[in-house]
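Next comes data-v1.pdb, a file with PDB, C-alpha atoms.
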```
ATOM      1  CA  MET A 143     -40.854   9.847  16.996  1.00  0.00           C
ATOM      2  CA  ARG A 144     -37.807   8.145  15.556  1.00  0.00           C
ATOM      3  CA  LYS A 145     -34.953   6.689  17.559  1.00  0.00           C
ATOM      4  CA  ILE A 146     -31.284   7.201  16.764  1.00  0.00           C
ATOM      5  CA  VAL A 147     -29.280   4.016  17.287  1.00  0.00           C
ATOM      6  CA  GLY A 148     -25.620   3.350  16.677  1.00  0.00           C
ATOM      7  CA  THR A 149     -23.427   0.296  16.143  1.00  0.00           C
ATOM      8  CA  VAL A 150     -19.674   0.487  16.681  1.00  0.00           C
ATOM      9  CA  PHE A 151     -16.880  -2.000  16.021  1.00  0.00           C
ATOM     10  CA  GLN A 152     -13.901  -1.155  18.189  1.00  0.00           C
ATOM     11  CA  SER A 153     -10.671  -2.560  19.602  1.00  0.00           C
ATOM     12  CA  LEU A 154      -9.931  -3.030  23.293  1.00  0.00           C
ATOM     13  CA  ASP A 155      -8.260   0.381  23.334  1.00  0.00           C
ATOM     14  CA  GLY A 156     -11.318   2.016  21.786  1.00  0.00           C
ATOM     15  CA  VAL A 157     -10.142   2.411  18.174  1.00  0.00           C
ATOM     16  CA  MET A 158     -12.964   2.203  15.640  1.00  0.00           C
ATOM     17  CA  GLN A 159     -11.114   3.409  12.540  1.00  0.00           C
ATOM     18  CA  ALA A 160     -11.332   1.441   9.285  1.00  0.00           C
ATOM     19  CA  PRO A 161     -12.492  -1.975  10.486  1.00  0.00           C
ATOM     20  CA  GLY A 162     -13.566  -2.897   6.953  1.00  0.00           C
ATOM     21  CA  GLY A 163     -10.415  -2.662   4.843  1.00  0.00           C
ATOM     22  CA  PRO A 164      -7.006  -1.016   4.255  1.00  0.00           C
ATOM     23  CA  SER A 165      -8.381   1.685   1.937  1.00  0.00           C
ATOM     24  CA  GLU A 166     -11.449   2.496   4.025  1.00  0.00           C
ATOM     25  CA  ASP A 167      -9.894   5.284   6.104  1.00  0.00           C
ATOM     26  CA  PRO A 168      -6.093   5.613   6.083  1.00  0.00           C
ATOM     27  CA  THR A 169      -6.127   9.194   7.423  1.00  0.00           C
ATOM     28  CA  ASP A 170      -3.399  10.188   9.881  1.00  0.00           C
ATOM     29  CA  GLY A 171      -1.319   7.257   8.644  1.00  0.00           C
ATOM     30  CA  PHE A 172      -3.566   4.538  10.043  1.00  0.00           C
ATOM     31  CA  ALA A 173      -2.056   1.327   8.668  1.00  0.00           C
ATOM     32  CA  LEU A 174      -4.247  -1.382  10.224  1.00  0.00           C
ATOM     33  CA  GLY A 175      -7.385  -0.945   8.140  1.00  0.00           C
ATOM     34  CA  GLY A 176      -9.347  -4.191   7.883  1.00  0.00           C
ATOM     35  CA  TRP A 177      -8.502  -5.268  11.427  1.00  0.00           C
ATOM     36  CA  GLN A 178     -12.034  -6.579  12.040  1.00  0.00           C
ATOM     37  CA  PHE A 179     -11.702  -9.077   9.191  1.00  0.00           C
ATOM     38  CA  GLY A 180      -8.326 -10.109  10.528  1.00  0.00           C
ATOM     39  CA  PHE A 181     -10.216 -11.396  13.574  1.00  0.00           C
ATOM     40  CA  PRO A 182     -13.240 -13.229  12.134  1.00  0.00           C
ATOM     41  CA  ASP A 183     -16.038 -13.880  14.609  1.00  0.00           C
ATOM     42  CA  GLU A 184     -19.221 -15.364  13.209  1.00  0.00           C
ATOM     43  CA  GLU A 185     -21.030 -15.055  16.555  1.00  0.00           C
ATOM     44  CA  ALA A 186     -20.367 -11.310  16.618  1.00  0.00           C
ATOM     45  CA  GLY A 187     -21.672 -10.984  13.086  1.00  0.00           C
ATOM     46  CA  ALA A 188     -24.822 -12.867  14.011  1.00  0.00           C
ATOM     47  CA  ALA A 189     -25.374 -10.620  17.029  1.00  0.00           C
ATOM     48  CA  ILE A 190     -25.863  -7.557  14.834  1.00  0.00           C
ATOM     49  CA  GLY A 191     -28.104  -9.363  12.363  1.00  0.00           C
ATOM     50  CA  PRO A 192     -31.345  -7.880  13.779  1.00  0.00           C
ATOM     51  CA  SER A 193     -29.960  -4.351  13.284  1.00  0.00           C
ATOM     52  CA  LEU A 194     -29.660  -5.028   9.563  1.00  0.00           C
ATOM     53  CA  MET A 195     -33.311  -5.933   9.167  1.00  0.00           C
ATOM     54  CA  PRO A 196     -35.245  -3.116   7.450  1.00  0.00           C
ATOM     55  CA  PRO A 197     -36.984  -0.786   7.698  1.00  0.00           C
ATOM     56  CA  TYR A 198     -34.406   1.788   8.776  1.00  0.00           C
ATOM     57  CA  SER A 199     -32.829   5.008   7.606  1.00  0.00           C
ATOM     58  CA  LEU A 200     -29.104   5.683   7.679  1.00  0.00           C
ATOM     59  CA  LEU A 201     -27.527   8.584   9.571  1.00  0.00           C
ATOM     60  CA  LEU A 202     -23.993   9.214   8.345  1.00  0.00           C
ATOM     61  CA  GLY A 203     -21.167  11.670   8.758  1.00  0.00           C
ATOM     62  CA  ARG A 204     -19.699  12.986   5.537  1.00  0.00           C
ATOM     63  CA  ARG A 205     -16.649  10.712   5.424  1.00  0.00           C
ATOM     64  CA  THR A 206     -18.643   7.579   6.213  1.00  0.00           C
ATOM     65  CA  TYR A 207     -21.105   8.650   3.542  1.00  0.00           C
ATOM     66  CA  ASP A 208     -18.237   8.866   1.043  1.00  0.00           C
ATOM     67  CA  ILE A 209     -17.031   5.392   2.047  1.00  0.00           C
ATOM     68  CA  PHE A 210     -20.503   3.853   1.786  1.00  0.00           C
ATOM     69  CA  ALA A 211     -21.454   5.660  -1.434  1.00  0.00           C
ATOM     70  CA  SER A 212     -18.273   4.366  -3.071  1.00  0.00           C
ATOM     71  CA  TYR A 213     -18.966   0.788  -2.019  1.00  0.00           C
ATOM     72  CA  TRP A 214     -22.560  -0.321  -1.507  1.00  0.00           C
ATOM     73  CA  PRO A 215     -24.079   0.829  -4.828  1.00  0.00           C
ATOM     74  CA  TYR A 216     -21.399  -1.200  -6.635  1.00  0.00           C
ATOM     75  CA  HIS A 217     -21.445  -4.305  -4.423  1.00  0.00           C
ATOM     76  CA  ASP A 218     -23.053  -7.542  -5.608  1.00  0.00           C
ATOM     77  CA  GLY A 219     -21.085 -10.121  -3.663  1.00  0.00           C
ATOM     78  CA  GLN A 220     -21.725 -12.052  -0.480  1.00  0.00           C
ATOM     79  CA  ASP A 221     -23.499  -9.156   1.255  1.00  0.00           C
ATOM     80  CA  LYS A 222     -25.779  -8.268  -1.650  1.00  0.00           C
ATOM     81  CA  GLU A 223     -28.855  -8.325   0.607  1.00  0.00           C
ATOM     82  CA  ILE A 224     -27.285  -5.713   2.880  1.00  0.00           C
ATOM     83  CA  ALA A 225     -26.280  -3.699  -0.170  1.00  0.00           C
ATOM     84  CA  ASP A 226     -29.834  -3.781  -1.516  1.00  0.00           C
ATOM     85  CA  ASP A 227     -31.244  -2.607   1.815  1.00  0.00           C
ATOM     86  CA  PHE A 228     -28.652   0.163   2.225  1.00  0.00           C
ATOM     87  CA  ASN A 229     -29.232   1.340  -1.315  1.00  0.00           C
ATOM     88  CA  ALA A 230     -33.005   1.433  -0.778  1.00  0.00           C
ATOM     89  CA  ALA A 231     -32.829   3.198   2.602  1.00  0.00           C
ATOM     90  CA  GLU A 232     -33.164   6.946   3.040  1.00  0.00           C
ATOM     91  CA  LYS A 233     -29.804   8.469   3.968  1.00  0.00           C
ATOM     92  CA  PHE A 234     -29.383  11.522   6.185  1.00  0.00           C
ATOM     93  CA  VAL A 235     -25.903  13.007   5.846  1.00  0.00           C
ATOM     94  CA  MET A 236     -24.595  15.406   8.490  1.00  0.00           C
ATOM     95  CA  THR A 237     -22.373  17.801   6.555  1.00  0.00           C
ATOM     96  CA  ARG A 238     -21.613  21.501   6.208  1.00  0.00           C
ATOM     97  CA  HIS A 239     -20.233  21.021   2.699  1.00  0.00           C
ATOM     98  CA  ASP A 240     -22.260  21.576  -0.437  1.00  0.00           C
ATOM     99  CA  ALA A 241     -20.690  18.795  -2.531  1.00  0.00           C
ATOM    100  CA  PRO A 242     -23.319  16.703  -4.354  1.00  0.00           C
ATOM    101  CA  LEU A 243     -24.808  13.679  -2.604  1.00  0.00           C
ATOM    102  CA  ASP A 244     -25.134  11.307  -5.533  1.00  0.00           C
ATOM    103  CA  TRP A 245     -26.122   8.124  -3.709  1.00  0.00           C
ATOM    104  CA  ALA A 246     -29.844   7.636  -4.341  1.00  0.00           C
ATOM    105  CA  GLY A 247     -32.055   8.646  -1.432  1.00  0.00           C
ATOM    106  CA  SER A 248     -29.456  10.901   0.216  1.00  0.00           C
ATOM    107  CA  ARG A 249     -30.466  14.074   2.005  1.00  0.00           C
ATOM    108  CA  ARG A 250     -28.233  16.744   3.498  1.00  0.00           C
ATOM    109  CA  VAL A 251     -28.685  17.633   7.187  1.00  0.00           C
ATOM    110  CA  SER A 252     -27.121  20.955   8.139  1.00  0.00           C
ATOM    111  CA  GLY A 253     -26.769  20.406  11.884  1.00  0.00           C
ATOM    112  CA  PHE A 254     -28.155  18.959  15.080  1.00  0.00           C
ATOM    113  CA  ASP A 255     -31.163  21.299  15.192  1.00  0.00           C
ATOM    114  CA  ALA A 256     -32.259  20.072  11.779  1.00  0.00           C
ATOM    115  CA  LEU A 257     -31.606  16.489  12.872  1.00  0.00           C
ATOM    116  CA  ALA A 258     -33.756  17.000  15.978  1.00  0.00           C
ATOM    117  CA  GLU A 259     -36.686  17.939  13.742  1.00  0.00           C
ATOM    118  CA  ILE A 260     -36.178  14.793  11.685  1.00  0.00           C
ATOM    119  CA  LYS A 261     -36.012  12.719  14.876  1.00  0.00           C
ATOM    120  CA  GLN A 262     -39.329  14.157  16.041  1.00  0.00           C
ATOM    121  CA  GLY A 263     -40.999  13.175  12.772  1.00  0.00           C
ATOM    122  CA  ASP A 264     -42.412   9.915  11.508  1.00  0.00           C
ATOM    123  CA  GLY A 265     -40.372   7.165   9.925  1.00  0.00           C
ATOM    124  CA  PRO A 266     -38.061   4.276  10.765  1.00  0.00           C
ATOM    125  CA  ASP A 267     -35.186   4.492  13.206  1.00  0.00           C
ATOM    126  CA  LEU A 268     -32.010   6.250  12.096  1.00  0.00           C
ATOM    127  CA  GLN A 269     -29.016   3.915  12.203  1.00  0.00           C
ATOM    128  CA  ILE A 270     -25.404   5.029  12.556  1.00  0.00           C
ATOM    129  CA  TRP A 271     -22.582   2.825  11.283  1.00  0.00           C
ATOM    130  CA  GLY A 272     -19.128   4.281  11.844  1.00  0.00           C
ATOM    131  CA  SER A 273     -19.345   8.090  11.858  1.00  0.00           C
ATOM    132  CA  SER A 274     -17.515   8.615  15.142  1.00  0.00           C
ATOM    133  CA  THR A 275     -17.786  12.403  14.822  1.00  0.00           C
ATOM    134  CA  LEU A 276     -21.558  12.248  15.387  1.00  0.00           C
ATOM    135  CA  TYR A 277     -21.517  10.723  18.858  1.00  0.00           C
ATOM    136  CA  PRO A 278     -20.288  13.630  21.014  1.00  0.00           C
ATOM    137  CA  GLY A 279     -22.973  16.008  19.691  1.00  0.00           C
ATOM    138  CA  LEU A 280     -25.731  13.421  19.885  1.00  0.00           C
ATOM    139  CA  ILE A 281     -24.877  12.431  23.440  1.00  0.00           C
ATOM    140  CA  GLU A 282     -24.507  16.039  24.583  1.00  0.00           C
ATOM    141  CA  ARG A 283     -28.028  16.790  23.318  1.00  0.00           C
ATOM    142  CA  GLY A 284     -29.569  13.576  24.637  1.00  0.00           C
ATOM    143  CA  MET A 285     -30.403  12.441  21.098  1.00  0.00           C
ATOM    144  CA  LEU A 286     -28.704   9.027  21.060  1.00  0.00           C
ATOM    145  CA  ASP A 287     -31.217   6.417  22.177  1.00  0.00           C
ATOM    146  CA  ARG A 288     -29.135   3.249  22.023  1.00  0.00           C
ATOM    147  CA  LEU A 289     -25.547   2.244  21.271  1.00  0.00           C
ATOM    148  CA  THR A 290     -24.317  -1.269  20.492  1.00  0.00           C
ATOM    149  CA  ILE A 291     -20.571  -1.669  20.933  1.00  0.00           C
ATOM    150  CA  LEU A 292     -18.714  -4.728  19.700  1.00  0.00           C
ATOM    151  CA  THR A 293     -15.308  -4.767  21.376  1.00  0.00           C
ATOM    152  CA  TYR A 294     -12.832  -7.156  19.772  1.00  0.00           C
ATOM    153  CA  PRO A 295      -9.857  -8.576  21.728  1.00  0.00           C
ATOM    154  CA  VAL A 296      -7.253  -6.682  19.736  1.00  0.00           C
ATOM    155  CA  VAL A 297      -5.184  -3.612  20.636  1.00  0.00           C
ATOM    156  CA  LEU A 298      -4.432  -1.206  17.780  1.00  0.00           C
ATOM    157  CA  GLY A 299      -2.441   1.462  19.593  1.00  0.00           C
ATOM    158  CA  SER A 300      -3.590   4.450  17.542  1.00  0.00           C
ATOM    159  CA  GLY A 301      -6.464   5.612  15.386  1.00  0.00           C
ATOM    160  CA  LYS A 302      -9.832   7.311  15.673  1.00  0.00           C
ATOM    161  CA  ARG A 303     -11.608   6.380  18.864  1.00  0.00           C
ATOM    162  CA  THR A 304     -15.274   5.903  19.625  1.00  0.00           C
ATOM    163  CA  PHE A 305     -15.074   8.466  22.413  1.00  0.00           C
ATOM    164  CA  ALA A 306     -12.382  10.937  21.467  1.00  0.00           C
ATOM    165  CA  PRO A 307     -10.994  13.537  23.879  1.00  0.00           C
ATOM    166  CA  GLY A 308     -13.659  16.175  24.409  1.00  0.00           C
ATOM    167  CA  SER A 309     -16.580  13.745  24.428  1.00  0.00           C
ATOM    168  CA  PRO A 310     -19.199  14.741  27.020  1.00  0.00           C
ATOM    169  CA  PRO A 311     -19.118  12.887  30.364  1.00  0.00           C
ATOM    170  CA  THR A 312     -21.519   9.989  29.930  1.00  0.00           C
ATOM    171  CA  THR A 313     -22.717   6.915  31.773  1.00  0.00           C
ATOM    172  CA  LEU A 314     -23.606   4.019  29.498  1.00  0.00           C
ATOM    173  CA  ARG A 315     -26.413   2.075  31.167  1.00  0.00           C
ATOM    174  CA  PHE A 316     -26.061  -1.594  30.263  1.00  0.00           C
ATOM    175  CA  GLU A 317     -29.147  -3.048  28.607  1.00  0.00           C
ATOM    176  CA  SER A 318     -28.039  -6.436  27.266  1.00  0.00           C
ATOM    177  CA  GLY A 319     -25.022  -8.268  25.961  1.00  0.00           C
ATOM    178  CA  LYS A 320     -22.891 -11.363  25.572  1.00  0.00           C
ATOM    179  CA  THR A 321     -19.314 -12.424  25.052  1.00  0.00           C
ATOM    180  CA  THR A 322     -18.605 -14.677  22.094  1.00  0.00           C
ATOM    181  CA  SER A 323     -16.482 -17.811  22.265  1.00  0.00           C
ATOM    182  CA  ARG A 324     -13.689 -15.826  20.571  1.00  0.00           C
ATOM    183  CA  GLY A 325     -13.776 -13.103  23.210  1.00  0.00           C
ATOM    184  CA  THR A 326     -15.677 -10.349  21.415  1.00  0.00           C
ATOM    185  CA  ALA A 327     -17.880  -8.410  23.851  1.00  0.00           C
ATOM    186  CA  VAL A 328     -21.237  -7.393  22.390  1.00  0.00           C
ATOM    187  CA  ALA A 329     -22.996  -4.871  24.625  1.00  0.00           C
ATOM    188  CA  VAL A 330     -26.065  -2.705  24.159  1.00  0.00           C
ATOM    189  CA  PHE A 331     -26.082   0.558  26.118  1.00  0.00           C
ATOM    190  CA  VAL A 332     -28.420   3.471  26.735  1.00  0.00           C
ATOM    191  CA  PRO A 333     -26.397   6.707  27.139  1.00  0.00           C
ATOM    192  CA  GLU A 334     -27.173   8.918  30.127  1.00  0.00           C
ATOM    193  CA  LEU A 335     -25.635  12.379  30.302  1.00  0.00           C
ATOM    194  CA  CYS A 336     -24.138  12.185  33.776  1.00  0.00           C
ATOM    195  CA  VAL A 337     -21.300  10.546  35.646  1.00  0.00           C
ATOM    196  CA  ALA A 338     -21.774   9.844  39.356  1.00  0.00           C
ATOM    197  CA  THR A 339     -18.676  10.234  41.488  1.00  0.00           C
ATOM    198  CA  GLY A 340     -17.632   9.069  44.946  1.00  0.00           C
ATOM    199  CA  GLU A 341     -14.496   8.170  46.854  1.00  0.00           C
ATOM    200  CA  SER A 342     -12.906   5.433  48.901  1.00  0.00           C
ATOM    201  CA  PRO A 343     -13.312   5.538  52.687  1.00  0.00           C
ATOM    202  CA  ALA A 344     -11.124   8.282  54.123  1.00  0.00           C
ATOM    203  CA  ALA A 345      -7.753   7.257  55.536  1.00  0.00           C
ATOM    204  CA  LYS A 346      -6.445   8.598  58.806  1.00  0.00           C
ATOM    205  CA  ALA A 347      -4.776  11.990  58.499  1.00  0.00           C
ATOM    206  CA  ASN A 348      -1.097  11.532  57.746  1.00  0.00           C
ATOM    207  CA  ALA A 349       1.907  13.597  56.696  1.00  0.00           C
ATOM    208  CA  HIS A 350       2.344  11.746  53.399  1.00  0.00           C
ATOM    209  CA  GLU A 351      -1.151  12.643  52.180  1.00  0.00           C
ATOM    210  CA  ALA A 352      -0.814  16.215  53.415  1.00  0.00           C
ATOM    211  CA  LYS A 353       2.415  16.549  51.423  1.00  0.00           C
ATOM    212  CA  ARG A 354       0.770  15.025  48.342  1.00  0.00           C
ATOM    213  CA  GLN A 355      -2.189  17.406  48.515  1.00  0.00           C
ATOM    214  CA  GLN A 356       0.161  20.364  48.890  1.00  0.00           C
ATOM    215  CA  ALA A 357       2.081  19.234  45.798  1.00  0.00           C
ATOM    216  CA  ILE A 358      -1.209  18.955  43.875  1.00  0.00           C
ATOM    217  CA  ALA A 359      -2.205  22.471  44.909  1.00  0.00           C
ATOM    218  CA  GLU A 360       1.185  23.824  43.811  1.00  0.00           C
ATOM    219  CA  GLY A 361       1.061  21.972  40.486  1.00  0.00           C
ATOM    220  CA  LYS A 362       4.134  19.909  41.381  1.00  0.00           C
ATOM    221  CA  TRP A 363       2.612  16.439  41.678  1.00  0.00           C
TER     222      TRP A 363
END
```
Please rewrite the model in this file as structure tokens.
Amino acid sequence: MRKIVGTVFQSLDGVMQAPGGPSEDPTDGFALGGWQFGFPDEEAGAAIGPSLMPPYSLLLGRRTYDIFASYWPYHDGQDKEIADDFNAAEKFVMTRHDAPLDWAGSRRVSGFDALAEIKQGDGPDLQIWGSSTLYPGLIERGMLDRLTILTYPVVLGSGKRTFAPGSPPTTLRFESGKTTSRGTAVAVFVPELCVATGESPAAKANAHEAKRQQAIAEGKW
């Protein structure tokens, strides 16, 4: 059985949109594309090196597929080795659209049921880069096996977030991690579909709390 593993670059306020460049994803007026390269951190880059070692397949949402398919087949610069590996890898693209998938080795996946069958089959792990829209459905179905989050010490204020409103309640069990000398937190998590709750020790009954609870019940707090 294959594993599904994800890697996310995000800001302190959880924004993962367009870390790679201004034209990567300017939707909704996002004007800070390329923020990751505005905060270079060689230690963080080295930490994800093992994830870039083949064999692997790619699991992509449609927009991330469009970004990658417009970049990696035409790239022969500093990251040529990554480009060669991405180009050679099998790509599974989660999309409901019927537009052609021209990047060599690309295969359309119609939904999570079809993806579950692929996951149960033989082959290398499926890696997610970007593709924030995939995470809620994967977590809800217990299909995400591991998530590496690199959190950079920058605040972006707006943009697409790793866990957008509506994401299923989830505990991320810490597996390993480090903080670089520049303050980037690199953490590997295993998602668990539950959130334990509790409360502080009860205070003595008092009029202030009684009034507050009444205001809550009346929708006035």
### Task
Name the residues that the PyMOL selection byres ((chain A and resi 296) around 12) pulls out of this structure, and write them as a list in words.
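Answer for the PyMOL selection byres ((chain A and resi 296) around 12): Phe151, Gln152, Ser153, Leu154, Asp155, Gly156, Val157, Met158, Pro161, Leu174, Trp177, Gln178, Phe179, Gly180, Phe181, Pro182, Leu292, Thr293, Tyr294, Pro295, Val297, Leu298, Gly299, Ser300, Arg324, Gly325, Thr326 and Ala327 of chain A.
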### Task
Go through the shown structure with the PyMOL selection byres ((chain A and resi 146) around 12) and write out the matching residues as a VMD selection string.
chain A and resid 143 to 145 147 to 149 198 to 202 234 257 to 258 260 to 262 265 to 271 276 to 277 280 to 281 284 to 290 332 to 333
### Spatial sel., origin (-22.5, 12.5, 5.2), limit 8 Å, all atoms listed in the file, listed as a ChimeraX atom specification
/A:201-208,234-237,250
### Query
For the file shown, what are the residues hit by the PyMOL selection byres ((chain A and resi 316) around 6), laid out as an MDAnalysis selection string?
chainID A and resid 315 317 331
### Query
Which one of A:Gln220, A:Ser323, A:Gln355, A:Ser274 sits closest to Ala306 (chain A) if you count only C-alpha atoms?
A:Ser274
### Message
Rounded to one decimal, what separation in Å do you get between CA of Ile209 (chain A) and CA of Gly162 (chain A)?
### Response
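Atom-to-atom, CA of Ile209 (chain A) to CA of Gly162 (chain A), that is 10.2 Å.
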### Query
Between A:Ser309, A:Thr321, A:Ser212, A:Ser193, which has the minimum distance to Ser165 (chain A) (counting all atoms listed in the file)?
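Closest candidate: A:Ser212.
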Could you pull region 280-289 of chain A out of the structure just shown and give all heavy atoms as a PDB file, in the first residue's frame?
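Result went into result.pdb, see below:
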```
ATOM      1  N   LEU A 280      -8.483  14.665   2.442  1.00  0.00           N
ATOM      2  CA  LEU A 280      -7.588  13.575   2.818  1.00  0.00           C
ATOM      3  C   LEU A 280      -7.639  13.312   4.315  1.00  0.00           C
ATOM      4  O   LEU A 280      -7.710  12.157   4.762  1.00  0.00           O
ATOM      5  CB  LEU A 280      -6.152  13.910   2.401  1.00  0.00           C
ATOM      6  CG  LEU A 280      -5.849  13.906   0.900  1.00  0.00           C
ATOM      7  CD1 LEU A 280      -4.452  14.456   0.654  1.00  0.00           C
ATOM      8  CD2 LEU A 280      -5.970  12.498   0.325  1.00  0.00           C
ATOM      9  N   ILE A 281      -7.604  14.389   5.104  1.00  0.00           N
ATOM     10  CA  ILE A 281      -7.629  14.225   6.549  1.00  0.00           C
ATOM     11  C   ILE A 281      -8.964  13.648   7.007  1.00  0.00           C
ATOM     12  O   ILE A 281      -9.023  12.748   7.852  1.00  0.00           O
ATOM     13  CB  ILE A 281      -7.341  15.578   7.239  1.00  0.00           C
ATOM     14  CG1 ILE A 281      -5.879  15.987   6.976  1.00  0.00           C
ATOM     15  CG2 ILE A 281      -7.628  15.499   8.732  1.00  0.00           C
ATOM     16  CD1 ILE A 281      -5.548  17.382   7.443  1.00  0.00           C
ATOM     17  N   GLU A 282     -10.051  14.151   6.439  1.00  0.00           N
ATOM     18  CA  GLU A 282     -11.382  13.677   6.820  1.00  0.00           C
ATOM     19  C   GLU A 282     -11.528  12.180   6.599  1.00  0.00           C
ATOM     20  O   GLU A 282     -12.195  11.479   7.376  1.00  0.00           O
ATOM     21  CB  GLU A 282     -12.437  14.435   6.024  1.00  0.00           C
ATOM     22  CG  GLU A 282     -13.865  14.099   6.416  1.00  0.00           C
ATOM     23  CD  GLU A 282     -14.872  14.938   5.656  1.00  0.00           C
ATOM     24  OE1 GLU A 282     -14.487  15.609   4.674  1.00  0.00           O
ATOM     25  OE2 GLU A 282     -16.054  14.932   6.050  1.00  0.00           O
ATOM     26  N   ARG A 283     -10.878  11.665   5.550  1.00  0.00           N
ATOM     27  CA  ARG A 283     -10.985  10.238   5.213  1.00  0.00           C
ATOM     28  C   ARG A 283      -9.850   9.404   5.791  1.00  0.00           C
ATOM     29  O   ARG A 283      -9.760   8.208   5.507  1.00  0.00           O
ATOM     30  CB  ARG A 283     -11.023  10.088   3.688  1.00  0.00           C
ATOM     31  CG  ARG A 283     -12.285  10.660   3.062  1.00  0.00           C
ATOM     32  CD  ARG A 283     -12.135  10.866   1.572  1.00  0.00           C
ATOM     33  NE  ARG A 283     -13.382  11.325   0.960  1.00  0.00           N
ATOM     34  CZ  ARG A 283     -13.785  12.588   0.970  1.00  0.00           C
ATOM     35  NH1 ARG A 283     -13.031  13.519   1.562  1.00  0.00           N
ATOM     36  NH2 ARG A 283     -14.920  12.943   0.403  1.00  0.00           N
ATOM     37  N   GLY A 284      -8.980  10.018   6.577  1.00  0.00           N
ATOM     38  CA  GLY A 284      -7.866   9.294   7.168  1.00  0.00           C
ATOM     39  C   GLY A 284      -6.850   8.822   6.147  1.00  0.00           C
ATOM     40  O   GLY A 284      -6.164   7.818   6.364  1.00  0.00           O
ATOM     41  N   MET A 285      -6.692   9.554   5.049  1.00  0.00           N
ATOM     42  CA  MET A 285      -5.821   9.122   3.959  1.00  0.00           C
ATOM     43  C   MET A 285      -4.459   9.804   3.955  1.00  0.00           C
ATOM     44  O   MET A 285      -3.582   9.418   3.189  1.00  0.00           O
ATOM     45  CB  MET A 285      -6.522   9.356   2.616  1.00  0.00           C
ATOM     46  CG  MET A 285      -7.742   8.491   2.403  1.00  0.00           C
ATOM     47  SD  MET A 285      -8.678   8.934   0.895  1.00  0.00           S
ATOM     48  CE  MET A 285      -7.471   8.576  -0.387  1.00  0.00           C
ATOM     49  N   LEU A 286      -4.271  10.826   4.784  1.00  0.00           N
ATOM     50  CA  LEU A 286      -2.982  11.514   4.832  1.00  0.00           C
ATOM     51  C   LEU A 286      -2.117  10.854   5.899  1.00  0.00           C
ATOM     52  O   LEU A 286      -2.435  10.867   7.085  1.00  0.00           O
ATOM     53  CB  LEU A 286      -3.182  12.994   5.152  1.00  0.00           C
ATOM     54  CG  LEU A 286      -1.911  13.853   5.165  1.00  0.00           C
ATOM     55  CD1 LEU A 286      -1.268  13.893   3.780  1.00  0.00           C
ATOM     56  CD2 LEU A 286      -2.226  15.269   5.641  1.00  0.00           C
ATOM     57  N   ASP A 287      -1.007  10.279   5.477  1.00  0.00           N
ATOM     58  CA  ASP A 287      -0.162   9.518   6.392  1.00  0.00           C
ATOM     59  C   ASP A 287       0.864  10.374   7.123  1.00  0.00           C
ATOM     60  O   ASP A 287       1.232  10.071   8.256  1.00  0.00           O
ATOM     61  CB  ASP A 287       0.582   8.420   5.614  1.00  0.00           C
ATOM     62  CG  ASP A 287      -0.387   7.393   5.033  1.00  0.00           C
ATOM     63  OD1 ASP A 287      -0.894   6.570   5.804  1.00  0.00           O
ATOM     64  OD2 ASP A 287      -0.636   7.428   3.813  1.00  0.00           O
ATOM     65  N   ARG A 288       1.343  11.419   6.490  1.00  0.00           N
ATOM     66  CA  ARG A 288       2.380  12.240   7.116  1.00  0.00           C
ATOM     67  C   ARG A 288       2.367  13.627   6.494  1.00  0.00           C
ATOM     68  O   ARG A 288       2.117  13.770   5.303  1.00  0.00           O
ATOM     69  CB  ARG A 288       3.757  11.589   6.937  1.00  0.00           C
ATOM     70  CG  ARG A 288       4.875  12.240   7.757  1.00  0.00           C
ATOM     71  CD  ARG A 288       6.162  11.435   7.708  1.00  0.00           C
ATOM     72  NE  ARG A 288       6.799  11.445   6.399  1.00  0.00           N
ATOM     73  CZ  ARG A 288       6.838  10.410   5.567  1.00  0.00           C
ATOM     74  NH1 ARG A 288       6.269   9.265   5.912  1.00  0.00           N
ATOM     75  NH2 ARG A 288       7.439  10.501   4.404  1.00  0.00           N
ATOM     76  N   LEU A 289       2.641  14.637   7.313  1.00  0.00           N
ATOM     77  CA  LEU A 289       2.648  16.021   6.832  1.00  0.00           C
ATOM     78  C   LEU A 289       3.850  16.744   7.424  1.00  0.00           C
ATOM     79  O   LEU A 289       3.993  16.824   8.651  1.00  0.00           O
ATOM     80  CB  LEU A 289       1.359  16.736   7.230  1.00  0.00           C
ATOM     81  CG  LEU A 289       1.236  18.206   6.814  1.00  0.00           C
ATOM     82  CD1 LEU A 289       1.301  18.354   5.306  1.00  0.00           C
ATOM     83  CD2 LEU A 289      -0.055  18.811   7.360  1.00  0.00           C
TER      84      LEU A 289
END
```
